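Undergrad: The structure file my_file.txt (compact mmCIF, C-alpha atoms) is provided below.
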```txt
# COMPACT_ATOMS: atom_id res chain seq x y z
CA MET A 1 13.33 13.78 35.04
CA LEU A 2 14.89 10.84 36.87
CA SER A 3 18.65 10.53 36.62
CA GLU A 4 18.18 7.00 35.28
CA ASP A 5 16.04 8.41 32.46
CA MET A 6 18.64 11.10 31.79
CA ARG A 7 21.24 8.36 31.30
CA ARG A 8 18.99 6.00 29.34
CA TYR A 9 17.91 8.67 26.86
CA ALA A 10 21.16 10.66 26.80
CA ARG A 11 21.67 10.13 23.06
CA GLN A 12 18.21 11.42 22.09
CA ILE A 13 17.54 14.14 24.66
CA PRO A 14 19.77 16.51 22.64
CA LEU A 15 17.28 16.01 19.80
CA LEU A 16 14.00 15.89 21.69
CA GLY A 17 14.86 18.11 24.64
CA ILE A 18 13.84 17.20 28.17
CA GLU A 19 10.38 18.52 27.37
CA GLY A 20 10.09 16.21 24.37
CA GLN A 21 11.34 13.25 26.37
CA GLU A 22 8.78 14.02 29.07
CA ARG A 23 6.08 14.17 26.41
CA LEU A 24 7.01 10.70 25.22
CA LYS A 25 6.90 9.45 28.79
CA GLY A 26 3.46 10.97 29.26
CA SER A 27 2.09 9.51 26.01
CA GLY A 28 0.05 6.43 25.25
CA VAL A 29 0.32 4.63 21.91
CA LEU A 30 -1.89 1.85 20.60
CA ILE A 31 -0.05 -0.50 18.28
CA ALA A 32 -2.70 -2.39 16.37
CA GLY A 33 -1.06 -5.69 15.49
CA ALA A 34 1.99 -7.50 16.85
CA GLY A 35 3.22 -8.79 13.49
CA GLY A 36 6.03 -7.51 11.30
CA LEU A 37 5.18 -3.80 11.43
CA GLY A 38 4.16 -4.00 15.08
CA SER A 39 7.48 -5.65 15.91
CA ALA A 40 9.62 -2.89 14.44
CA SER A 41 7.48 0.07 15.50
CA SER A 42 6.86 -1.14 19.05
CA CYS A 43 10.53 -1.89 19.74
CA TYR A 44 11.63 1.60 18.71
CA LEU A 45 8.78 3.31 20.54
CA ALA A 46 9.47 1.32 23.70
CA ALA A 47 13.20 1.99 23.50
CA ALA A 48 12.51 5.69 22.91
CA GLY A 49 10.57 5.88 26.15
CA VAL A 50 6.90 6.15 25.14
CA GLY A 51 5.39 5.83 28.59
CA HIS A 52 2.46 3.57 27.83
CA ILE A 53 2.35 1.11 24.95
CA ARG A 54 -0.75 -0.97 24.37
CA ILE A 55 -0.20 -3.63 21.73
CA ALA A 56 -3.19 -5.63 20.49
CA ASP A 57 -3.23 -8.90 18.61
CA SER A 58 -5.48 -11.97 18.73
CA ASP A 59 -3.13 -14.54 17.18
CA ALA A 60 -0.59 -17.05 18.45
CA VAL A 61 2.97 -17.05 17.17
CA GLU A 62 3.57 -19.40 14.23
CA ILE A 63 7.00 -20.52 13.12
CA SER A 64 6.45 -18.86 9.74
CA ASN A 65 6.14 -15.49 11.53
CA LEU A 66 9.71 -15.57 12.76
CA ASN A 67 11.40 -14.30 9.58
CA ARG A 68 10.03 -10.84 10.31
CA GLN A 69 8.21 -10.65 13.66
CA ILE A 70 11.20 -9.94 15.86
CA LEU A 71 9.05 -9.43 18.96
CA HIS A 72 8.58 -13.17 19.13
CA ARG A 73 10.81 -16.17 19.79
CA ILE A 74 8.63 -19.16 20.60
CA PRO A 75 5.88 -20.59 18.37
CA GLY A 76 2.59 -21.31 20.11
CA ILE A 77 2.69 -18.40 22.58
CA ARG A 78 0.00 -15.73 22.30
CA LYS A 79 1.45 -12.74 20.46
CA ALA A 80 0.07 -10.26 22.99
CA ILE A 81 1.93 -12.02 25.81
CA SER A 82 5.10 -12.49 23.78
CA ALA A 83 5.06 -8.83 22.72
CA GLU A 84 4.51 -7.60 26.26
CA ASP A 85 7.39 -9.73 27.57
CA THR A 86 9.81 -8.56 24.87
CA LEU A 87 8.96 -4.87 25.21
CA CYS A 88 9.09 -4.96 29.02
CA SER A 89 12.56 -6.48 28.89
CA LEU A 90 13.63 -3.96 26.26
CA ASN A 91 12.59 -1.05 28.46
CA PRO A 92 11.50 -1.90 32.03
CA THR A 93 10.86 1.77 32.83
CA ILE A 94 7.69 2.01 30.71
CA GLU A 95 4.23 0.44 30.97
CA VAL A 96 3.47 -2.19 28.35
CA GLU A 97 0.08 -3.80 27.98
CA GLY A 98 -0.35 -6.74 25.62
CA VAL A 99 -4.03 -7.11 24.77
CA ASP A 100 -5.20 -10.44 23.32
CA ILE A 101 -8.20 -9.14 21.45
CA CYS A 102 -9.64 -9.15 17.96
CA ILE A 103 -9.80 -5.52 16.90
CA SER A 104 -13.41 -4.59 16.13
CA GLU A 105 -15.63 -1.53 16.21
CA SER A 106 -16.95 -2.57 19.62
CA SER A 107 -13.46 -2.97 21.11
CA MET A 108 -12.09 0.37 19.96
CA ASP A 109 -13.38 2.59 22.79
CA ASP A 110 -11.63 0.40 25.38
CA LEU A 111 -8.48 0.06 23.27
CA LEU A 112 -8.24 3.85 22.91
CA SER A 113 -8.67 4.69 26.58
CA GLY A 114 -5.64 6.80 27.55
CA ILE A 115 -4.21 6.65 24.02
CA ASP A 116 -2.77 9.63 22.11
CA LEU A 117 -1.83 8.00 18.81
CA ILE A 118 -2.51 4.81 16.83
CA VAL A 119 0.02 2.80 14.82
CA ASP A 120 -1.62 0.75 12.07
CA ALA A 121 0.28 -2.54 12.04
CA THR A 122 -2.59 -4.77 10.92
CA ASP A 123 -2.77 -7.04 7.92
CA SER A 124 -6.27 -6.35 6.63
CA PHE A 125 -7.99 -3.32 5.22
CA GLU A 126 -11.23 -4.22 6.97
CA VAL A 127 -9.44 -3.69 10.31
CA ARG A 128 -7.62 -0.65 8.95
CA TYR A 129 -10.97 0.98 8.16
CA ILE A 130 -12.04 0.35 11.77
CA LEU A 131 -8.86 2.06 12.99
CA ASN A 132 -9.41 4.90 10.52
CA SER A 133 -12.98 5.53 11.72
CA ALA A 134 -11.93 5.35 15.37
CA ALA A 135 -9.02 7.72 14.79
CA LEU A 136 -11.38 10.21 13.13
CA GLU A 137 -13.98 9.87 15.87
CA HIS A 138 -11.48 10.31 18.68
CA GLY A 139 -9.35 12.90 16.88
CA LEU A 140 -6.21 10.79 17.14
CA PRO A 141 -3.34 10.64 14.64
CA LEU A 142 -3.09 7.33 12.80
CA ILE A 143 0.21 6.19 11.34
CA HIS A 144 -0.71 3.91 8.45
CA GLY A 145 1.76 1.33 7.20
CA ALA A 146 1.57 -1.73 4.97
CA VAL A 147 4.08 -4.14 3.43
CA SER A 148 4.26 -6.71 0.65
CA GLY A 149 7.37 -8.44 -0.62
CA PHE A 150 10.13 -5.86 -0.93
CA ASP A 151 7.63 -2.97 -0.96
CA GLY A 152 5.88 -0.89 1.61
CA GLN A 153 3.94 2.30 2.16
CA VAL A 154 3.36 4.71 5.00
CA THR A 155 1.45 7.92 5.64
CA THR A 156 0.44 9.95 8.67
CA ILE A 157 -3.27 10.65 8.99
CA ILE A 158 -4.24 13.66 11.08
CA PRO A 159 -8.02 13.93 11.50
CA GLY A 160 -9.45 17.05 9.93
CA ARG A 161 -6.17 18.04 8.37
CA THR A 162 -5.12 15.27 6.02
CA ALA A 163 -6.63 12.74 3.70
CA CYS A 164 -7.84 9.75 5.69
CA LEU A 165 -7.17 6.14 4.77
CA ARG A 166 -10.55 5.84 3.03
CA CYS A 167 -9.86 8.96 0.93
CA VAL A 168 -6.82 7.24 -0.59
CA PHE A 169 -7.96 3.62 -0.52
CA PRO A 170 -11.75 3.82 -0.89
CA ARG A 171 -12.35 0.08 -1.22
CA PRO A 172 -10.63 -2.90 0.39
CA PRO A 173 -8.31 -4.89 -1.85
CA PRO A 174 -8.76 -8.67 -2.05
CA ARG A 175 -7.58 -10.45 1.09
CA ASP A 176 -4.09 -11.85 0.74
CA ALA A 177 -1.18 -13.05 2.83
CA PRO A 178 1.71 -11.78 0.72
CA PRO A 179 5.27 -13.01 1.13
CA VAL A 180 7.46 -10.39 2.75
CA ILE A 181 11.11 -9.81 3.50
CA GLY A 182 11.51 -9.10 7.21
CA ALA A 183 13.65 -6.05 6.52
CA THR A 184 10.72 -4.47 4.63
CA CYS A 185 8.77 -4.56 7.90
CA GLY A 186 11.80 -3.07 9.61
CA ILE A 187 11.97 -0.15 7.18
CA ILE A 188 8.27 0.70 7.18
CA GLY A 189 7.77 -0.01 10.90
CA SER A 190 10.75 2.20 11.73
CA ILE A 191 9.30 5.07 9.68
CA GLN A 192 6.02 4.60 11.53
CA ALA A 193 7.88 4.86 14.85
CA MET A 194 9.65 7.99 13.64
CA GLU A 195 6.35 9.55 12.61
CA ALA A 196 4.84 8.66 15.99
CA ILE A 197 7.74 10.26 17.87
CA LYS A 198 7.44 13.41 15.74
CA MET A 199 3.71 13.66 16.32
CA LEU A 200 4.00 13.06 20.06
CA THR A 201 6.79 15.59 20.55
CA GLY A 202 5.70 18.13 17.92
CA LEU A 203 9.10 17.99 16.24
CA GLY A 204 9.75 17.93 12.50
CA GLU A 205 7.25 17.79 9.67
CA PRO A 206 4.82 14.88 9.66
CA LEU A 207 4.25 12.72 6.61
CA ALA A 208 0.93 14.47 6.17
CA ASN A 209 -0.95 14.30 2.87
CA ARG A 210 1.96 12.36 1.42
CA LEU A 211 2.02 8.64 0.74
CA LEU A 212 5.58 7.37 0.98
CA ILE A 213 6.20 4.26 -1.12
CA TRP A 214 9.30 2.13 -0.64
CA ASP A 215 10.51 -0.04 -3.51
CA GLY A 216 13.04 -2.35 -1.90
CA ARG A 217 14.03 -4.09 -5.13
CA CYS A 218 15.34 -0.81 -6.52
CA ALA A 219 16.11 0.79 -3.15
CA GLN A 220 13.97 3.78 -4.09
CA MET A 221 11.67 5.87 -1.97
CA ASP A 222 8.97 7.87 -3.73
CA GLU A 223 6.06 9.91 -2.55
CA ILE A 224 2.67 10.85 -3.88
CA SER A 225 0.90 13.99 -2.76
CA ILE A 226 -2.57 12.95 -1.65
CA GLU A 227 -5.69 15.01 -1.10
CA ARG A 228 -8.82 14.77 0.99
CA ASN A 229 -11.98 13.64 -0.71
CA GLU A 230 -14.84 15.91 0.38
CA ARG A 231 -17.24 13.08 -0.40
CA CYS A 232 -15.29 10.51 1.62
CA PRO A 233 -17.81 8.45 3.64
CA ASP A 234 -15.42 8.35 6.60
CA CYS A 235 -14.01 11.87 6.90
CA GLY A 236 -15.83 14.06 4.37
CA GLY A 237 -16.83 17.37 5.88
CA ARG A 238 -15.36 16.70 9.31
CA SER A 239 -13.56 19.62 10.82
CA ILE A 240 -10.48 19.25 12.93
CA SER A 241 -11.10 18.12 16.51
CA ASP A 242 -9.83 20.03 19.53
CA ASP A 243 -7.72 17.02 20.60
CA ALA A 244 -6.14 16.74 17.17
CA ARG A 245 -5.58 20.50 17.06
CA SER A 246 -3.80 20.26 20.42
CA MET A 247 -1.66 17.36 19.17
CA ILE A 248 -0.74 19.14 15.96
CA SER A 249 0.10 22.42 17.65
CA ARG A 250 2.57 20.82 20.06
CA MET B 1 -2.26 17.09 -24.23
CA ARG B 2 0.49 15.76 -21.99
CA ILE B 3 -0.24 13.55 -19.00
CA ARG B 4 2.37 12.30 -16.56
CA LEU B 5 1.89 8.71 -15.42
CA ARG B 6 3.85 7.28 -12.50
CA SER B 7 3.58 3.73 -11.29
CA PHE B 8 4.91 2.19 -8.11
CA GLY B 9 6.08 -1.07 -6.61
CA SER B 10 5.49 -4.24 -8.57
CA LEU B 11 3.56 -2.36 -11.29
CA ARG B 12 6.71 -0.56 -12.40
CA ARG B 13 8.08 -3.62 -14.08
CA ASP B 14 4.97 -3.87 -16.26
CA LEU B 15 4.14 -0.22 -16.80
CA GLY B 16 7.35 1.72 -16.50
CA ARG B 17 8.28 4.08 -13.70
CA ASP B 18 7.54 7.52 -15.01
CA LEU B 19 5.96 8.13 -18.42
CA MET B 20 4.81 11.20 -20.29
CA LEU B 21 1.75 10.37 -22.40
CA GLU B 22 0.60 12.40 -25.39
CA ILE B 23 -3.13 11.95 -25.75
CA ASP B 24 -5.94 13.85 -27.50
CA GLU B 25 -7.65 16.85 -25.91
CA GLY B 26 -10.83 15.74 -24.14
CA SER B 27 -9.48 12.28 -23.39
CA LEU B 28 -10.72 10.34 -20.40
CA LEU B 29 -8.76 8.39 -17.81
CA ARG B 30 -9.61 5.17 -19.63
CA ASP B 31 -8.02 6.50 -22.82
CA ALA B 32 -4.77 7.10 -20.97
CA LEU B 33 -4.84 3.71 -19.25
CA LEU B 34 -5.78 1.80 -22.41
CA SER B 35 -2.84 3.41 -24.22
CA LEU B 36 -0.45 1.43 -21.99
CA PRO B 37 0.89 -1.79 -23.53
CA ARG B 38 0.20 -3.83 -20.37
CA HIS B 39 -3.08 -2.22 -19.41
CA GLU B 40 -4.50 -5.59 -18.37
CA ARG B 41 -2.36 -5.18 -15.24
CA LEU B 42 -4.62 -2.26 -14.30
CA LEU B 43 -7.96 -2.96 -15.85
CA ASP B 44 -10.45 -5.77 -15.54
CA GLY B 45 -12.51 -5.10 -18.66
CA LEU B 46 -13.36 -1.44 -18.27
CA LYS B 47 -13.00 -1.39 -14.48
CA ILE B 48 -9.94 -0.69 -12.39
CA ARG B 49 -8.76 -3.97 -10.90
CA ASP B 50 -9.47 -4.58 -7.22
CA ASP B 51 -5.78 -4.83 -6.41
CA VAL B 52 -4.85 -1.48 -7.95
CA TYR B 53 -5.50 2.12 -6.91
CA VAL B 54 -5.44 4.99 -9.39
CA LEU B 55 -5.01 8.59 -8.27
CA VAL B 56 -5.36 11.66 -10.46
CA ASN B 57 -3.57 14.66 -8.99
CA GLY B 58 -3.52 12.93 -5.61
CA ARG B 59 -7.21 12.05 -5.60
CA SER B 60 -8.24 8.42 -5.63
CA VAL B 61 -10.41 7.73 -8.67
CA SER B 62 -12.66 4.74 -9.28
CA ASP B 63 -14.44 5.94 -12.42
CA ILE B 64 -12.36 5.51 -15.55
CA SER B 65 -14.63 7.99 -17.33
CA THR B 66 -12.97 10.75 -15.34
CA PRO B 67 -11.97 13.52 -17.77
CA LEU B 68 -8.32 14.51 -17.95
CA LYS B 69 -6.74 17.83 -18.71
CA ASP B 70 -3.31 18.88 -19.86
CA GLY B 71 -0.73 18.56 -17.09
CA ASP B 72 -2.65 16.02 -15.01
CA GLU B 73 -0.63 13.45 -13.11
CA ILE B 74 -1.82 9.86 -12.80
CA SER B 75 -0.37 7.68 -10.03
CA ILE B 76 -0.89 3.93 -10.10
CA VAL B 77 -0.36 2.12 -6.83
CA PRO B 78 -0.58 -1.62 -6.24
CA ALA B 79 -2.54 -2.77 -3.20
CA ILE B 80 -0.07 -3.34 -0.37
CA ILE B 81 -1.84 -5.25 2.34
CA GLY B 82 0.45 -6.98 4.80
CA GLY B 83 1.43 -5.93 8.28
```
Would you kindly transcribe this structure into structure tokens?
TA:
Amino acid sequence: MLSEDMRRYARQIPLLGIEGQERLKGSGVLIAGAGGLGSASSCYLAAAGVGHIRIADSDAVEISNLNRQILHRIPGIRKAISAEDTLCSLNPTIEVEGVDICISESSMDDLLSGIDLIVDATDSFEVRYILNSAALEHGLPLIHGAVSGFDGQVTTIIPGRTACLRCVFPRPPPRDAPPVIGATCGIIGSIQAMEAIKMLTGLGEPLANRLLIWDGRCAQMDEISIERNERCPDCGGRSISDDARSMISR
Amino acid sequence: MRIRLRSFGSLRRDLGRDLMLEIDEGSLLRDALLSLPRHERLLDGLKIRDDVYVLVNGRSVSDISTPLKDGDEISIVPAIIGG
């Protein structure tokens, strides 16, 4: 490890070990969405030293985004460019790739090239189902997060081992653009980053088969044990992939 | 029989956080849900609303005719969408 990296990560190497830090450096993470959740999760993953961050979003920054989307400063700029600039300045020692693309089934193979883990930071269940299917197909962990108002939820989906997103949320809810407190995105996005770091380094216990629900009004965190649905149209009957097995056994 | 019912997020204010329901043996999920004073927050007629998810023992359930048994746990989760 470079001496610069030893100094930069000196306060986390005692937790991750040099091996864990090297694993982060050798990892690729796709952050799907450069909004509120993408802002929090990407900043912490970049600062932690994830070696390759690809962050995808097809929107331009609007002034109403700025209460929560701390990646961005200037309305009108493409979010992919703004995110790349912010993350590169936060940690110039990693590779950051802002991708200005609408996430679709046809774009997933390219988006997942060289990627070890997906962070769900989107704002629609239609796109979340695309991420879910791609994660299952490629055997990649998917860290699901969502926010509304003071509330949020997060779970870690490990193909073949845990309930998938469709097992828990079998139908898309009505489309909505809910109001949200920026700090809610910070809480849920930070948990997503923590889950990603754990999965990439093999440390700790992942938030597997548990849906964590944050109630910000009452400052309460609860969890629901969740189970796979054998008849799930997305994951039913799939066995664990070799890639996922390798990731889990780290 | 006794059924535990937990609700989360914005639904807590209408439904209560953690309830223990006493309902008849052989009751269905709809019997438990209809016993709640503010069940219109969950049900659209006899269907679960589109913006609500109901889990029984950690399994997402869409059919309110699902039979319940003593000790089952119902979780009611509002749709949380934003990113």
Undergrad: To one decimal place, how far is atom CA of Gly49 of chain A from atom CA of Pro75 of chain A in Å?
TA: 28.0 Å
Undergrad: Fewer than 2 positions away in the same chain doesn't count, so skip those; otherwise give me all residues within 9 Å of segment 156-172 of chain A, counting all atoms listed in the file, as a PDB file with C-alpha atoms, keeping the file's coordinate frame.
TA:
```pdb
ATOM      1  CA  SER A 124      -6.270  -6.350   6.630  1.00  0.00           C
ATOM      2  CA  PHE A 125      -7.990  -3.320   5.220  1.00  0.00           C
ATOM      3  CA  GLU A 126     -11.230  -4.220   6.970  1.00  0.00           C
ATOM      4  CA  ARG A 128      -7.620  -0.650   8.950  1.00  0.00           C
ATOM      5  CA  TYR A 129     -10.970   0.980   8.160  1.00  0.00           C
ATOM      6  CA  ASN A 132      -9.410   4.900  10.520  1.00  0.00           C
ATOM      7  CA  SER A 133     -12.980   5.530  11.720  1.00  0.00           C
ATOM      8  CA  ALA A 135      -9.020   7.720  14.790  1.00  0.00           C
ATOM      9  CA  LEU A 136     -11.380  10.210  13.130  1.00  0.00           C
ATOM     10  CA  GLU A 137     -13.980   9.870  15.870  1.00  0.00           C
ATOM     11  CA  HIS A 138     -11.480  10.310  18.680  1.00  0.00           C
ATOM     12  CA  GLY A 139      -9.350  12.900  16.880  1.00  0.00           C
ATOM     13  CA  LEU A 140      -6.210  10.790  17.140  1.00  0.00           C
ATOM     14  CA  PRO A 141      -3.340  10.640  14.640  1.00  0.00           C
ATOM     15  CA  LEU A 142      -3.090   7.330  12.800  1.00  0.00           C
ATOM     16  CA  ILE A 143       0.210   6.190  11.340  1.00  0.00           C
ATOM     17  CA  HIS A 144      -0.710   3.910   8.450  1.00  0.00           C
ATOM     18  CA  GLY A 145       1.760   1.330   7.200  1.00  0.00           C
ATOM     19  CA  VAL A 154       3.360   4.710   5.000  1.00  0.00           C
ATOM     20  CA  PRO A 174      -8.760  -8.670  -2.050  1.00  0.00           C
ATOM     21  CA  ARG A 175      -7.580 -10.450   1.090  1.00  0.00           C
ATOM     22  CA  GLN A 192       6.020   4.600  11.530  1.00  0.00           C
ATOM     23  CA  GLU A 195       6.350   9.550  12.610  1.00  0.00           C
ATOM     24  CA  ALA A 196       4.840   8.660  15.990  1.00  0.00           C
ATOM     25  CA  PRO A 206       4.820  14.880   9.660  1.00  0.00           C
ATOM     26  CA  LEU A 207       4.250  12.720   6.610  1.00  0.00           C
ATOM     27  CA  ALA A 208       0.930  14.470   6.170  1.00  0.00           C
ATOM     28  CA  ASN A 209      -0.950  14.300   2.870  1.00  0.00           C
ATOM     29  CA  ARG A 210       1.960  12.360   1.420  1.00  0.00           C
ATOM     30  CA  LEU A 211       2.020   8.640   0.740  1.00  0.00           C
ATOM     31  CA  ILE A 226      -2.570  12.950  -1.650  1.00  0.00           C
ATOM     32  CA  GLU A 227      -5.690  15.010  -1.100  1.00  0.00           C
ATOM     33  CA  ARG A 228      -8.820  14.770   0.990  1.00  0.00           C
ATOM     34  CA  ASN A 229     -11.980  13.640  -0.710  1.00  0.00           C
ATOM     35  CA  GLU A 230     -14.840  15.910   0.380  1.00  0.00           C
ATOM     36  CA  ARG A 231     -17.240  13.080  -0.400  1.00  0.00           C
ATOM     37  CA  CYS A 232     -15.290  10.510   1.620  1.00  0.00           C
ATOM     38  CA  PRO A 233     -17.810   8.450   3.640  1.00  0.00           C
ATOM     39  CA  ASP A 234     -15.420   8.350   6.600  1.00  0.00           C
ATOM     40  CA  CYS A 235     -14.010  11.870   6.900  1.00  0.00           C
ATOM     41  CA  GLY A 236     -15.830  14.060   4.370  1.00  0.00           C
ATOM     42  CA  GLY A 237     -16.830  17.370   5.880  1.00  0.00           C
ATOM     43  CA  ARG A 238     -15.360  16.700   9.310  1.00  0.00           C
ATOM     44  CA  SER A 239     -13.560  19.620  10.820  1.00  0.00           C
ATOM     45  CA  ILE A 240     -10.480  19.250  12.930  1.00  0.00           C
ATOM     46  CA  SER A 241     -11.100  18.120  16.510  1.00  0.00           C
ATOM     47  CA  ALA A 244      -6.140  16.740  17.170  1.00  0.00           C
ATOM     48  CA  ARG A 245      -5.580  20.500  17.060  1.00  0.00           C
ATOM     49  CA  ILE A 248      -0.740  19.140  15.960  1.00  0.00           C
TER      50      ILE A 248
ATOM     51  CA  ASP B  50      -9.470  -4.580  -7.220  1.00  0.00           C
ATOM     52  CA  ASP B  51      -5.780  -4.830  -6.410  1.00  0.00           C
ATOM     53  CA  TYR B  53      -5.500   2.120  -6.910  1.00  0.00           C
ATOM     54  CA  LEU B  55      -5.010   8.590  -8.270  1.00  0.00           C
ATOM     55  CA  GLY B  58      -3.520  12.930  -5.610  1.00  0.00           C
ATOM     56  CA  ARG B  59      -7.210  12.050  -5.600  1.00  0.00           C
ATOM     57  CA  SER B  60      -8.240   8.420  -5.630  1.00  0.00           C
ATOM     58  CA  VAL B  61     -10.410   7.730  -8.670  1.00  0.00           C
ATOM     59  CA  SER B  62     -12.660   4.740  -9.280  1.00  0.00           C
ATOM     60  CA  ALA B  79      -2.540  -2.770  -3.200  1.00  0.00           C
TER      61      ALA B  79
END
```
Undergrad: Identify, on the basis of all atoms listed in the file, every residue whose closest approach to segment 4-14 of chain B does not exceed 6 Å; exclude the query and any residue fewer than 4 positions from it along the same chain; express the result as JSON, numbers by chain.
TA: {"A": [215], "B": [18, 19, 20, 73, 74, 75, 76, 77]}
Undergrad: Using only C-alpha atoms and a distance of at most 6 Å, pull out the residues of chain A that contact chain B, as a PDB file with C-alpha atoms, in the coordinates of the input.
TA:
```pdb
ATOM      1  CA  GLY A  36       6.030  -7.510  11.300  1.00  0.00           C
ATOM      2  CA  LEU A  37       5.180  -3.800  11.430  1.00  0.00           C
ATOM      3  CA  ALA A 121       0.280  -2.540  12.040  1.00  0.00           C
ATOM      4  CA  THR A 122      -2.590  -4.770  10.920  1.00  0.00           C
ATOM      5  CA  ASP A 123      -2.770  -7.040   7.920  1.00  0.00           C
ATOM      6  CA  ALA A 146       1.570  -1.730   4.970  1.00  0.00           C
ATOM      7  CA  VAL A 147       4.080  -4.140   3.430  1.00  0.00           C
ATOM      8  CA  SER A 148       4.260  -6.710   0.650  1.00  0.00           C
ATOM      9  CA  VAL A 168      -6.820   7.240  -0.590  1.00  0.00           C
ATOM     10  CA  PRO A 173      -8.310  -4.890  -1.850  1.00  0.00           C
ATOM     11  CA  ASP A 215      10.510  -0.040  -3.510  1.00  0.00           C
ATOM     12  CA  SER A 225       0.900  13.990  -2.760  1.00  0.00           C
ATOM     13  CA  ILE A 226      -2.570  12.950  -1.650  1.00  0.00           C
ATOM     14  CA  GLU A 227      -5.690  15.010  -1.100  1.00  0.00           C
TER      15      GLU A 227
END
```
Undergrad: What does the structure give for the distance between atom CA of Leu28 of chain B and atom CA of Gly45 of chain B, in Å to one decimal?
TA: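 Taking atom CA of Leu28 of chain B and atom CA of Gly45 of chain B, their separation equals 15.6 Å.
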Undergrad: Give me the residues near Lys69 of chain B as a list of chain:residue names, where near means some atom within 12 Å (using only C-alpha atoms) and where sequence neighbours in that chain fewer than 3 positions away do not count.
TA: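 These residues fall inside the cut-off: B:Met1, B:Arg2, B:Ile3, B:Arg4, B:Leu21, B:Glu22, B:Ile23, B:Asp24, B:Glu25, B:Gly26, B:Ser27, B:Leu28, B:Leu29, B:Ala32, B:Val56, B:Asn57, B:Thr66, B:Asp72, B:Glu73, B:Ile74.
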Undergrad: If we count all atoms listed in the file, what is near Met108 of chain A at a cut-off of 9 Å, once residues fewer than 6 positions away on the same chain are taken out, given as a list in words?
TA: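 With the cut-off at 9 Å, the set is Ile130, Leu131 and Ala134 of chain A.
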Undergrad: Could you give me, as a list of chain:residue names, the residues that sit within 7 Å of (9.4, 2.8, 26.6) in the file's coordinates, counting all atoms listed in the file?
TA: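 Residues lying no farther than 7 Å from the given point: A:Leu45, A:Ala46, A:Ala47, A:Ala48, A:Gly49, A:Val50, A:Gly51, A:Asn91, A:Thr93, A:Ile94.
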Undergrad: So the first atom is atom CA of Gln220 of chain A and the second is atom CA of Ile187 of chain A; what is the distance between them in Å, to one decimal place?
TA: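 Separating atom CA of Gln220 of chain A from atom CA of Ile187 of chain A is a distance of 12.1 Å.
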Undergrad: For Glu84 of chain A, work out the shell of residues within 9 Å, counting only C-alpha atoms and skipping chain neighbours fewer than 3 positions away, then give it as a list in words.
TA: Arg54, Ile55, Leu71, Lys79, Ala80, Ile81, Leu87, Cys88, Ser89, Val96, Glu97, Gly98 and Val99 of chain A
Undergrad: For segment 58-71 of chain A, I'd like the enclosing box, axis-aligned and padded by 4 Å on every side, reported as JSON with centre and edge lengths in Å to one decimal.
TA:
```
{"center_x": 3.0, "center_y": -15.0, "center_z": 14.3, "size_x": 24.9, "size_y": 19.1, "size_z": 17.4}
```
Undergrad: List every protein, DNA or RNA residue with an atom no more than 8 Å from (8.3, 5.5, 2.2) in the file's coordinates, counting only C-alpha atoms, and format the result as a list of chain:residue names.
TA: A:Gly152, A:Gln153, A:Val154, A:Ile188, A:Ile191, A:Leu211, A:Leu212, A:Ile213, A:Trp214, A:Met221, A:Asp222, A:Glu223
Undergrad: What would the file look like if the residues just selected were written as an mmCIF file, in the coordinates of the input with C-alpha atoms?
TA:
```
data_model
loop_
_atom_site.group_PDB
_atom_site.id
_atom_site.type_symbol
_atom_site.label_atom_id
_atom_site.label_comp_id
_atom_site.auth_asym_id
_atom_site.auth_seq_id
_atom_site.Cartn_x
_atom_site.Cartn_y
_atom_site.Cartn_z
ATOM 1 C CA GLY A 152 5.880 -0.890 1.610
ATOM 2 C CA GLN A 153 3.940 2.300 2.160
ATOM 3 C CA VAL A 154 3.360 4.710 5.000
ATOM 4 C CA ILE A 188 8.270 0.700 7.180
ATOM 5 C CA ILE A 191 9.300 5.070 9.680
ATOM 6 C CA LEU A 211 2.020 8.640 0.740
ATOM 7 C CA LEU A 212 5.580 7.370 0.980
ATOM 8 C CA ILE A 213 6.200 4.260 -1.120
ATOM 9 C CA TRP A 214 9.300 2.130 -0.640
ATOM 10 C CA MET A 221 11.670 5.870 -1.970
ATOM 11 C CA ASP A 222 8.970 7.870 -3.730
ATOM 12 C CA GLU A 223 6.060 9.910 -2.550
#
```
Undergrad: Restricting the calculation to all atoms listed in the file: of A:Cys102, A:Leu111, A:Leu203, A:Ala60, which residue gets closest to Gly28 of chain A?
TA: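 Closest to Gly28 of chain A of all the choices is A:Leu111.
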Undergrad: Taking into account only C-alpha atoms, which residue in the set A:Gly202, A:Glu22, A:Ser190, A:Asp5 is nearest to Val119 of chain A?
TA: A:Ser190
